[in-house]
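Pasting model.pdb here (PDB, C-alpha atoms (C1' of nucleotides)):
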ATOM      1  CA  MET D 951       0.000   0.000   0.000
ATOM      2  CA  GLU D 952       1.272   3.399  -0.901
ATOM      3  CA  ARG D 953      -0.129   6.883  -0.725
ATOM      4  CA  GLN D 954      -0.494   8.337  -4.221
ATOM      5  CA  GLU D 955      -2.060  11.298  -5.935
ATOM      6  CA  LEU D 956      -3.125  12.044  -9.467
ATOM      7  CA  LYS D 957      -4.500  15.160 -11.109
ATOM      8  CA  ILE D 958      -6.030  15.062 -14.571
ATOM      9  CA  ASP D 959      -7.912  17.486 -16.789
ATOM     10  CA  LYS D 960     -11.661  17.586 -16.334
ATOM     11  CA  ILE D 961     -13.482  15.447 -18.838
ATOM     12  CA  ASP D 962     -17.065  15.905 -19.809
ATOM     13  CA  ALA D 963     -18.816  12.726 -18.691
ATOM     14  CA  PHE D 964     -17.529  12.688 -15.140
ATOM     15  CA  GLU D 965     -19.742  13.948 -12.330
ATOM     16  CA  LEU D 966     -19.140  12.486  -8.901
ATOM     17  CA  ARG D 967     -22.753  12.412  -7.824
ATOM     18  CA  ASP D 968     -23.887  10.832 -11.073
ATOM     19  CA  ILE D 969     -21.191   8.172 -10.978
ATOM     20  CA  PHE D 970     -21.454   7.169  -7.336
ATOM     21  CA  ASP D 971     -25.144   7.791  -6.759
ATOM     22  CA  CYS D 972     -26.631   6.216  -9.853
ATOM     23  CA  GLY D 973     -26.887   2.908  -8.087
ATOM     24  CA  GLN D 974     -24.047   0.835  -9.467
ATOM     25  CA  CYS D 975     -21.791   0.796  -6.395
ATOM     26  CA  PHE D 976     -22.172   0.474  -2.640
ATOM     27  CA  ARG D 977     -18.904   1.573  -1.059
ATOM     28  CA  TRP D 978     -18.552   5.211  -2.071
ATOM     29  CA  ASN D 979     -19.571   7.962   0.319
ATOM     30  CA  GLU D 980     -19.615  11.708   0.071
ATOM     31  CA  GLU D 981     -17.298  13.699   2.320
ATOM     32  CA  PRO D 982     -18.204  17.038   3.915
ATOM     33  CA  ASN D 983     -16.114  18.839   1.288
ATOM     34  CA  GLY D 984     -18.065  17.278  -1.574
ATOM     35  CA  SER D 985     -15.444  14.755  -2.571
ATOM     36  CA  TYR D 986     -16.151  11.034  -2.491
ATOM     37  CA  THR D 987     -14.153   8.332  -0.752
ATOM     38  CA  GLY D 988     -14.475   4.695  -1.664
ATOM     39  CA  VAL D 989     -12.975   1.366  -0.779
ATOM     40  CA  VAL D 990     -11.963  -0.577  -3.859
ATOM     41  CA  LYS D 991     -10.173  -3.835  -4.493
ATOM     42  CA  ASN D 992      -6.747  -2.208  -4.437
ATOM     43  CA  GLY D 993      -7.216   0.108  -1.478
ATOM     44  CA  VAL D 994      -8.854   3.401  -0.594
ATOM     45  CA  LEU D 995      -9.450   6.200  -3.054
ATOM     46  CA  ASN D 996     -10.728   9.763  -2.769
ATOM     47  CA  VAL D 997     -11.978  11.746  -5.770
ATOM     48  CA  ASN D 998     -12.704  15.421  -6.070
ATOM     49  CA  CYS D 999     -13.573  17.698  -8.972
ATOM     50  CA  ASP D1000     -13.560  21.336  -9.865
ATOM     51  CA  SER D1001     -14.297  23.038 -13.159
ATOM     52  CA  LYS D1002     -10.836  22.321 -14.535
ATOM     53  CA  ASN D1003      -9.517  19.175 -12.925
ATOM     54  CA  ILE D1004     -10.242  15.851 -11.331
ATOM     55  CA  TYR D1005      -8.147  15.025  -8.275
ATOM     56  CA  PHE D1006      -7.474  11.510  -7.081
ATOM     57  CA  LYS D1007      -5.647  10.545  -3.927
ATOM     58  CA  GLY D1008      -5.523   7.278  -2.130
ATOM     59  CA  ASN D1009      -3.712   4.447  -0.479
ATOM     60  CA  LEU D1010      -3.395   1.790  -3.133
ATOM     61  CA  ASN D1011      -1.373  -1.329  -3.795
ATOM     62  CA  CYS D1012      -1.052  -0.505  -7.487
ATOM     63  CA  ASP D1013      -0.319   2.471  -9.705
ATOM     64  CA  ILE D1014      -3.047   5.052  -9.218
ATOM     65  CA  ARG D1015      -3.079   6.101 -12.877
ATOM     66  CA  VAL D1016      -3.471   2.564 -14.110
ATOM     67  CA  PHE D1017      -6.176   1.915 -11.560
ATOM     68  CA  VAL D1018      -8.149   5.075 -12.321
ATOM     69  CA  ASN D1019      -8.041   4.478 -16.065
ATOM     70  CA  LYS D1020      -9.478   1.023 -15.673
ATOM     71  CA  TYR D1021     -11.908   1.608 -12.815
ATOM     72  CA  PHE D1022     -13.490   4.719 -14.292
ATOM     73  CA  ASP D1023     -13.710   3.259 -17.778
ATOM     74  CA  MET D1024     -11.592   6.130 -19.090
ATOM     75  CA  LYS D1025     -10.833   4.716 -22.502
ATOM     76  CA  ARG D1026     -14.479   4.714 -23.536
ATOM     77  CA  ASP D1027     -15.780   7.770 -25.361
ATOM     78  CA  TYR D1028     -18.916   8.586 -23.366
ATOM     79  CA  GLU D1029     -19.494  11.823 -25.222
ATOM     80  CA  GLN D1030     -19.788  10.059 -28.512
ATOM     81  CA  ILE D1031     -22.065   7.387 -27.075
ATOM     82  CA  LYS D1032     -24.271  10.010 -25.449
ATOM     83  CA  SER D1033     -24.670  11.913 -28.674
ATOM     84  CA  LYS D1034     -25.728   8.738 -30.444
ATOM     85  CA  LEU D1035     -28.164   7.691 -27.718
ATOM     86  CA  SER D1036     -29.685  11.133 -27.332
ATOM     87  CA  LYS D1037     -30.788  11.074 -30.958
ATOM     88  CA  ILE D1038     -32.967   8.025 -30.376
ATOM     89  CA  ASP D1039     -35.868   9.885 -28.787
ATOM     90  CA  GLU D1040     -36.683  12.677 -26.397
ATOM     91  CA  TYR D1041     -36.894  10.311 -23.420
ATOM     92  CA  MET D1042     -33.343   9.168 -23.885
ATOM     93  CA  ASP D1043     -32.262  12.739 -24.507
ATOM     94  CA  ASN D1044     -33.885  13.869 -21.250
ATOM     95  CA  SER D1045     -32.481  11.041 -19.179
ATOM     96  CA  ILE D1046     -29.009  11.695 -20.547
ATOM     97  CA  LYS D1047     -29.282  15.357 -19.666
ATOM     98  CA  TYR D1048     -30.210  14.310 -16.159
ATOM     99  CA  GLY D1049     -27.370  11.804 -15.720
ATOM    100  CA  LYS D1050     -24.827  13.351 -18.049
ATOM    101  CA  GLY D1051     -21.901  12.636 -15.746
ATOM    102  CA  ILE D1052     -22.460   8.909 -15.379
ATOM    103  CA  ARG D1053     -19.664   6.494 -16.119
ATOM    104  CA  ILE D1054     -20.038   2.775 -15.629
ATOM    105  CA  LEU D1055     -17.390   1.517 -13.241
ATOM    106  CA  ASN D1056     -15.195  -1.530 -13.660
ATOM    107  CA  GLN D1057     -15.624  -3.027 -10.213
ATOM    108  CA  ASP D1058     -13.943  -6.133  -8.917
ATOM    109  CA  LEU D1059     -15.784  -9.222 -10.118
ATOM    110  CA  TRP D1060     -15.893 -11.120  -6.835
ATOM    111  CA  GLU D1061     -17.037  -8.085  -4.873
ATOM    112  CA  THR D1062     -19.708  -7.357  -7.473
ATOM    113  CA  ILE D1063     -21.037 -10.909  -7.355
ATOM    114  CA  ILE D1064     -21.427 -10.919  -3.585
ATOM    115  CA  SER D1065     -22.703  -7.348  -3.395
ATOM    116  CA  TYR D1066     -25.494  -8.009  -5.858
ATOM    117  CA  ILE D1067     -26.440 -11.280  -4.182
ATOM    118  CA  ILE D1068     -26.898  -9.161  -1.070
ATOM    119  CA  SER D1069     -28.945  -6.633  -3.037
ATOM    120  CA  ALA D1070     -31.779  -9.041  -3.791
ATOM    121  CA  ASN D1071     -35.100  -7.905  -2.333
ATOM    122  CA  ASN D1072     -33.247  -5.349  -0.273
ATOM    123  CA  ASN D1073     -32.835  -1.602   0.006
ATOM    124  CA  ILE D1074     -29.722   0.439  -0.562
ATOM    125  CA  PRO D1075     -29.035   1.676   2.990
ATOM    126  CA  ARG D1076     -29.276  -1.849   4.299
ATOM    127  CA  ILE D1077     -27.171  -3.267   1.464
ATOM    128  CA  LYS D1078     -24.447  -0.744   2.213
ATOM    129  CA  GLY D1079     -24.602  -1.510   5.911
ATOM    130  CA  ILE D1080     -24.279  -5.237   5.369
ATOM    131  CA  ILE D1081     -21.306  -4.801   3.032
ATOM    132  CA  GLU D1082     -19.578  -2.495   5.520
ATOM    133  CA  ARG D1083     -20.043  -4.931   8.391
ATOM    134  CA  LEU D1084     -18.911  -7.826   6.251
ATOM    135  CA  SER D1085     -15.779  -5.955   5.206
ATOM    136  CA  LYS D1086     -14.995  -4.715   8.690
ATOM    137  CA  LYS D1087     -15.258  -8.174  10.152
ATOM    138  CA  TYR D1088     -13.430 -10.209   7.500
ATOM    139  CA  GLY D1089     -11.613  -7.790   5.201
ATOM    140  CA  THR D1090      -8.097  -6.373   5.322
ATOM    141  CA  LYS D1091      -7.646  -3.079   7.130
ATOM    142  CA  VAL D1092      -6.216  -0.143   5.184
ATOM    143  CA  GLU D1093      -5.380   3.236   6.649
ATOM    144  CA  PHE D1094      -5.932   6.457   4.777
ATOM    145  CA  GLU D1095      -5.610   9.934   6.235
ATOM    146  CA  ASN D1096      -5.804   8.678   9.802
ATOM    147  CA  LYS D1097      -8.910   6.642   9.233
ATOM    148  CA  ASP D1098      -9.371   2.896   9.017
ATOM    149  CA  TYR D1099     -11.025   1.302   6.028
ATOM    150  CA  TYR D1100     -11.635  -2.358   5.254
ATOM    151  CA  LEU D1101     -11.263  -4.006   1.884
ATOM    152  CA  PHE D1102     -14.025  -6.262   0.668
ATOM    153  CA  PRO D1103     -13.167  -9.766   1.931
ATOM    154  CA  THR D1104     -11.629 -12.186  -0.533
ATOM    155  CA  PRO D1105     -13.087 -15.662  -1.110
ATOM    156  CA  VAL D1106     -10.347 -17.100   1.116
ATOM    157  CA  GLN D1107     -11.134 -14.659   3.897
ATOM    158  CA  LEU D1108     -14.739 -15.869   3.825
ATOM    159  CA  LYS D1109     -13.843 -19.538   3.546
ATOM    160  CA  ASP D1110     -14.696 -20.562   7.099
ATOM    161  CA  VAL D1111     -17.541 -18.154   7.777
ATOM    162  CA  THR D1112     -20.748 -19.953   8.738
ATOM    163  CA  THR D1113     -24.315 -19.112   7.786
ATOM    164  CA  SER D1114     -25.131 -18.120  11.342
ATOM    165  CA  GLU D1115     -22.243 -15.675  11.339
ATOM    166  CA  TYR D1116     -23.647 -14.153   8.161
ATOM    167  CA  ARG D1117     -27.052 -14.051   9.758
ATOM    168  CA  ALA D1118     -25.591 -12.170  12.717
ATOM    169  CA  LEU D1119     -24.313  -9.509  10.301
ATOM    170  CA  GLY D1120     -27.856  -8.943   9.066
ATOM    171  CA  LEU D1121     -27.743 -10.935   5.838
ATOM    172  CA  GLY D1122     -31.139 -12.462   6.537
ATOM    173  CA  PHE D1123     -32.192 -15.249   4.176
ATOM    174  CA  ARG D1124     -29.205 -14.452   1.956
ATOM    175  CA  ASP D1125     -26.884 -16.145   4.455
ATOM    176  CA  VAL D1126     -27.059 -19.534   2.753
ATOM    177  CA  ARG D1127     -26.609 -17.976  -0.682
ATOM    178  CA  LEU D1128     -23.442 -16.217   0.382
ATOM    179  CA  PHE D1129     -22.145 -19.306   2.100
ATOM    180  CA  GLU D1130     -22.762 -21.638  -0.815
ATOM    181  CA  THR D1131     -21.488 -19.251  -3.472
ATOM    182  CA  THR D1132     -18.289 -18.736  -1.487
ATOM    183  CA  GLN D1133     -17.894 -22.518  -1.182
ATOM    184  CA  LEU D1134     -18.315 -23.013  -4.925
ATOM    185  CA  VAL D1135     -15.652 -20.419  -5.677
ATOM    186  CA  ASN D1136     -13.211 -21.603  -3.032
ATOM    187  CA  ASP D1137     -13.592 -25.224  -4.082
ATOM    188  CA  ASN D1138     -13.006 -24.142  -7.662
ATOM    189  CA  LYS D1139     -16.346 -25.597  -8.755
ATOM    190  CA  VAL D1140     -16.845 -22.249 -10.410
ATOM    191  CA  ASN D1141     -13.732 -20.443 -11.597
ATOM    192  CA  ILE D1142     -14.663 -16.815 -11.965
ATOM    193  CA  GLU D1143     -11.285 -15.962 -13.490
ATOM    194  CA  ASN D1144     -12.328 -17.974 -16.527
ATOM    195  CA  PHE D1145     -15.221 -15.596 -17.075
ATOM    196  CA  TYR D1146     -12.848 -13.073 -18.623
ATOM    197  CA  HIS D1147     -12.244 -15.435 -21.523
ATOM    198  CA  MET D1148     -15.828 -16.557 -22.053
ATOM    199  CA  LYS D1149     -18.755 -15.530 -24.212
ATOM    200  CA  THR D1150     -21.304 -13.312 -22.510
ATOM    201  CA  THR D1151     -24.138 -15.834 -22.710
ATOM    202  CA  ASP D1152     -21.909 -18.548 -21.274
ATOM    203  CA  ILE D1153     -20.816 -16.323 -18.397
ATOM    204  CA  ARG D1154     -24.426 -15.525 -17.679
ATOM    205  CA  ASP D1155     -25.290 -19.228 -17.511
ATOM    206  CA  LYS D1156     -22.400 -19.882 -15.121
ATOM    207  CA  LEU D1157     -23.321 -16.900 -12.959
ATOM    208  CA  ILE D1158     -26.882 -18.127 -12.616
ATOM    209  CA  GLU D1159     -25.523 -21.432 -11.294
ATOM    210  CA  LEU D1160     -24.384 -19.495  -8.233
ATOM    211  CA  PRO D1161     -26.934 -19.531  -5.387
ATOM    212  CA  GLY D1162     -28.547 -16.118  -5.101
ATOM    213  CA  VAL D1163     -27.749 -15.163  -8.669
ATOM    214  CA  GLY D1164     -30.764 -14.947 -10.960
ATOM    215  CA  PRO D1165     -31.228 -13.105 -14.256
ATOM    216  CA  LYS D1166     -31.223  -9.601 -12.814
ATOM    217  CA  VAL D1167     -28.241 -10.078 -10.519
ATOM    218  CA  ALA D1168     -26.309 -11.818 -13.293
ATOM    219  CA  ASP D1169     -26.904  -8.885 -15.622
ATOM    220  CA  CYS D1170     -25.780  -6.385 -12.994
ATOM    221  CA  ILE D1171     -22.582  -8.365 -12.534
ATOM    222  CA  LEU D1172     -21.973  -8.463 -16.279
ATOM    223  CA  LEU D1173     -22.433  -4.713 -16.598
ATOM    224  CA  PHE D1174     -21.038  -3.228 -13.379
ATOM    225  CA  SER D1175     -18.005  -5.462 -12.837
ATOM    226  CA  ASP D1176     -14.807  -5.450 -14.846
ATOM    227  CA  LEU D1177     -16.399  -8.043 -17.105
ATOM    228  CA  LYS D1178     -17.985  -4.897 -18.535
ATOM    229  CA  ARG D1179     -20.557  -6.195 -20.989
ATOM    230  CA  PHE D1180     -21.764  -2.806 -22.122
ATOM    231  CA  GLU D1181     -24.707  -4.132 -24.085
ATOM    232  CA  ILE D1182     -26.339  -5.858 -21.100
ATOM    233  CA  PHE D1183     -29.599  -4.303 -19.909
ATOM    234  CA  PRO D1184     -30.417  -5.293 -16.306
ATOM    235  CA  ILE D1185     -34.139  -5.144 -15.576
ATOM    236  CA  ASP D1186     -35.211  -4.282 -12.063
ATOM    237  CA  VAL D1187     -38.488  -2.808 -10.876
ATOM    238  CA  TRP D1188     -37.490   0.729 -11.857
ATOM    239  CA  VAL D1189     -36.271  -0.181 -15.303
ATOM    240  CA  ARG D1190     -39.357  -2.201 -16.053
ATOM    241  CA  ARG D1191     -41.453   0.707 -14.815
ATOM    242  CA  VAL D1192     -39.737   3.261 -17.012
ATOM    243  CA  MET D1193     -39.645   0.975 -20.045
ATOM    244  CA  ASN D1194     -43.332   0.223 -19.698
ATOM    245  CA  ASP D1195     -44.230   3.891 -19.205
ATOM    246  CA  LEU D1196     -42.188   5.059 -22.179
ATOM    247  CA  TYR D1197     -42.411   2.318 -24.765
ATOM    248  CA  ILE D1198     -44.692  -0.570 -23.920
ATOM    249  CA  LYS D1199     -47.587   1.188 -22.193
ATOM    250  CA  ASN D1200     -49.191  -1.908 -20.782
ATOM    251  CA  SER D1201     -51.915  -0.957 -18.305
ATOM    252  CA  ASP D1202     -50.733  -3.761 -16.047
ATOM    253  CA  GLU D1203     -47.015  -3.382 -15.540
ATOM    254  CA  LYS D1204     -46.741  -6.783 -13.906
ATOM    255  CA  LYS D1205     -47.770  -8.443 -17.134
ATOM    256  CA  VAL D1206     -44.829  -7.102 -19.100
ATOM    257  CA  ASN D1207     -42.245  -9.820 -19.451
ATOM    258  CA  ASN D1208     -38.536  -9.223 -19.443
ATOM    259  CA  LYS D1209     -38.015 -10.706 -22.863
ATOM    260  CA  ALA D1210     -40.125  -8.001 -24.449
ATOM    261  CA  ILE D1211     -38.199  -5.320 -22.563
ATOM    262  CA  ASN D1212     -34.865  -6.787 -23.584
ATOM    263  CA  GLU D1213     -35.889  -6.893 -27.215
ATOM    264  CA  ILE D1214     -36.835  -3.236 -27.212
ATOM    265  CA  ALA D1215     -33.637  -2.311 -25.416
ATOM    266  CA  SER D1216     -31.534  -4.262 -27.844
ATOM    267  CA  GLU D1217     -33.313  -2.769 -30.856
ATOM    268  CA  LYS D1218     -33.133   0.801 -29.643
ATOM    269  CA  PHE D1219     -29.854   0.940 -27.771
ATOM    270  CA  GLY D1220     -27.853  -1.974 -29.157
ATOM    271  CA  GLU D1221     -24.267  -2.141 -27.991
ATOM    272  CA  PHE D1222     -24.853   0.773 -25.603
ATOM    273  CA  ALA D1223     -27.895  -0.685 -23.847
ATOM    274  CA  GLY D1224     -26.115  -0.949 -20.508
ATOM    275  CA  LEU D1225     -25.413   2.760 -20.361
ATOM    276  CA  ALA D1226     -28.901   3.572 -21.620
ATOM    277  CA  GLN D1227     -30.248   1.476 -18.772
ATOM    278  CA  GLN D1228     -28.298   3.541 -16.260
ATOM    279  CA  TYR D1229     -29.593   6.834 -17.624
ATOM    280  CA  LEU D1230     -33.171   5.596 -17.561
ATOM    281  CA  PHE D1231     -32.836   4.005 -14.155
ATOM    282  CA  TYR D1232     -31.186   7.020 -12.546
ATOM    283  CA  TRP D1233     -33.668   9.412 -14.114
ATOM    284  CA  ARG D1234     -36.796   7.459 -13.242
ATOM    285  CA  ARG D1235     -35.682   6.428  -9.808
ATOM    286  CA  THR D1236     -34.553   9.870  -8.689
ATOM    287  CA  LEU D1237     -37.467  11.782 -10.141
ATOM    288  CA  ASN D1238     -39.828   9.089  -8.957
TER     289      ASN D1238
ATOM    290  C1'  DC E 873     -49.408  -2.792  12.445
ATOM    291  C1'  DT E 874     -48.880  -3.435   7.355
ATOM    292  C1'  DG E 875     -46.155  -2.502   3.366
ATOM    293  C1'  DC E 876     -42.135  -2.671   0.958
ATOM    294  C1'  DA E 877     -37.229  -2.425  -0.842
ATOM    295  C1'  DG E 878     -32.588  -2.636  -7.037
ATOM    296  C1'  DG E 879     -35.048 -10.807  -6.726
ATOM    297  C1'  DC E 880     -34.375 -15.616  -6.039
ATOM    298  C1'  DC E 881     -36.093 -20.094  -5.272
ATOM    299  C1'  DG E 882     -39.095 -23.867  -5.189
ATOM    300  C1'  DG E 883     -43.491 -25.799  -6.088
ATOM    301  C1'  DC E 884     -47.364 -26.138  -8.903
ATOM    302  C1'  DG E 885     -50.534 -26.127 -13.097
TER     303       DG E 885
ATOM    304  C1'  DC A   3     -41.955 -23.761 -19.160
ATOM    305  C1'  DG A   4     -44.477 -19.515 -16.847
ATOM    306  C1'  DC A   5     -46.585 -18.066 -12.710
ATOM    307  C1'  DC A   6     -46.863 -17.185  -7.727
ATOM    308  C1'  DG A   7     -46.117 -17.032  -2.720
ATOM    309  C1'  DG A   8     -42.647 -16.715   0.747
ATOM    310  C1'  DC A   9     -38.630 -14.779   2.517
ATOM    311  C1'  DC A  10     -34.689 -11.765   6.715
ATOM    312  C1'  DT A  11     -34.537  -7.158   8.156
ATOM    313  C1'  DG A  12     -35.186  -2.358   8.940
ATOM    314  C1'  DC A  13     -37.612   1.656   8.240
ATOM    315  C1'  DA A  14     -41.791   4.512   6.937
TER     316       DA A  14
END
Since I need it in another form, could you write the structure as structure tokens?
Amino acid sequence: MERQELKIDKIDAFELRDIFDCGQCFRWNEEPNGSYTGVVKNGVLNVNCDSKNIYFKGNLNCDIRVFVNKYFDMKRDYEQIKSKLSKIDEYMDNSIKYGKGIRILNQDLWETIISYIISANNNIPRIKGIIERLSKKYGTKVEFENKDYYLFPTPVQLKDVTTSEYRALGLGFRDVRLFETTQLVNDNKVNIENFYHMKTTDIRDKLIELPGVGPKVADCILLFSDLKRFEIFPIDVWVRRVMNDLYIKNSDEKKVNNKAINEIASEKFGEFAGLAQQYLFYWRRTLN
DNA sequence: CTGCAGGCCGGCG
DNA sequence: CGCCGGCCTGCA
């Protein structure tokens, strides 16, 4: 671990609130000065912005520039994608205006799998609380600016944790799911490192073999982790709501099936469907 | 007290 | 197959 800093020129699609508050991550929190601090796989990172620059500082076990480029998806041209998407219709144009600073993060695969298993039938404050307690109890401690932070526990660090210990952390009925998924990974029944070399549909099938991972969670993992399948369109209650309101207009939202939604998303948004999903989700969810 | 929150799972028709 | 009820917990 090493304290590092990095200052880069401001880029257009990069707003802290949009990135960290659009619902893709659980371990970033706003500081009193408006910056955000997060715990990531490689340590602790703080990000701040002004009109001209973006400032990163942190305690990381890797090069901060390399990390930032990967984590914040810097090589992708969001401006170009936004201009293409915004031409589709006025809804997309509006939602992009609302979430113009969103970038889709490349989060650690293991952490993303477990975090989204925890997210099932849950609410964000509780999800964040569970992940914090889990990390504090089993993760590695990292210091940054005189404060203690805890990395998300590795599969090995969770190897001997029992379901009742999970239950005590507030996991609820997800205790068994976490336990069994961790077992499968530790016993190498499922090798998540192989996912990086596999076809998207095959990864999805393997993900769904993990207890607690269904279609929605699998899609979130594909999009929000460093697997980064940008065309994947996760459908949760908010996305189905907004897609029905805008395009399908079924009087009974419950009767809309996900296949129909996915087809529309794929037709309209194609290879950028994942980002389109985030704009729509963030827009609809925040504005109610 | 009931409802519900970024679904999944198992059982049933 | 598609549909439906139940599920930990915490908070309104």
For chain A, work out the contacting residues on chain D at 12 Å, counting all atoms listed in the file, and write them as a list in words.
-> Ile1068, Ala1070, Asn1071, Asn1072, Asn1073, Ile1074, Pro1075, Arg1076, Ile1077, Gly1079, Ile1080, Tyr1116, Arg1117, Ala1118, Leu1119, Gly1120, Leu1121, Gly1122, Phe1123, Arg1124, Asp1125, Val1126, Lys1204, Lys1205 and Asn1207 of chain D
Considering all atoms listed in the file, give me a table of residues in chain E that are at most 6 Å from chain D, with the closest atom pair and distance in Å for each, as a Markdown table.
| residue | atom | partner | partner_atom | distance |
| --- | --- | --- | --- | --- |
| E:DA877 | C1' | D:Asn1073 | CA | 4.6 |
| E:DG878 | C1' | D:Asp1186 | CA | 5.9 |
| E:DG879 | C1' | D:Ala1070 | CA | 4.7 |
| E:DC880 | C1' | D:Gly1162 | CA | 5.9 |
Have a look at CA of Thr1090 in chain D and CA of Gln1107 in chain D and let me know their distance in Å, one decimal.
->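 Between these atoms lies a distance of 8.9 Å.
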Produce the centre coordinates and the three edge lengths, each in Å to one decimal, of the box along x, y and z that contains all listed atoms of range 1174-1179 of chain D with 5 Å added on each side, as lines of an AutoDock Vina configuration file.
center_x = -17.9
center_y = -5.6
center_z = -16.9
size_x = 16.2
size_y = 14.8
size_z = 18.2
Point-to-point distance from CA of Leu1055 in chain D to CA of Cys975 in chain D, Å rounded to tenths =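 The value is 8.2 Å.
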Decode the PyMOL selection byres ((chain D and resi 1219) around 12) for the given file into explicit residues and return them as a count of residues only.
-> 32
Can you tell me how far CA of Arg1015 in chain D sits from CA of Asp1098 in chain D, in Å to one decimal?
-> 23.0 Å
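What the PyMOL selection byres ((chain D and resi 956) around 6) grabs from this file is Glu955, Lys957, Tyr1005 and Phe1006 of chain D.
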Please produce a file of those selected residues containing C-alpha atoms, as a CSV table (one decimal), in the coordinates of the input.
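Now in selection_22.csv:
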chain,number,residue,atom,x,y,z
D,955,GLU,CA,-2.1,11.3,-5.9
D,957,LYS,CA,-4.5,15.2,-11.1
D,1005,TYR,CA,-8.1,15.0,-8.3
D,1006,PHE,CA,-7.5,11.5,-7.1
Mind checking which residues fall within 10 Å of Glu981 in chain D, counting only C-alpha atoms (C1' of nucleotides), ignoring those fewer than 5 positions away in the same chain, and posting them as a PyMOL selection string?
-> chain D and resi 986-987+996-998
Writing C-alpha atoms (C1' of nucleotides) and nothing else, produce chain A as a short mmCIF file (atom, residue, chain, number, x, y, z; two decimals), in the first residue's frame.
data_model
loop_
_atom_site.label_atom_id
_atom_site.label_comp_id
_atom_site.auth_asym_id
_atom_site.auth_seq_id
_atom_site.Cartn_x
_atom_site.Cartn_y
_atom_site.Cartn_z
"C1'" DC A 3 -41.95 -23.76 -19.16
"C1'" DG A 4 -44.48 -19.52 -16.85
"C1'" DC A 5 -46.58 -18.07 -12.71
"C1'" DC A 6 -46.86 -17.18 -7.73
"C1'" DG A 7 -46.12 -17.03 -2.72
"C1'" DG A 8 -42.65 -16.71 0.75
"C1'" DC A 9 -38.63 -14.78 2.52
"C1'" DC A 10 -34.69 -11.76 6.72
"C1'" DT A 11 -34.54 -7.16 8.16
"C1'" DG A 12 -35.19 -2.36 8.94
"C1'" DC A 13 -37.61 1.66 8.24
"C1'" DA A 14 -41.79 4.51 6.94
#
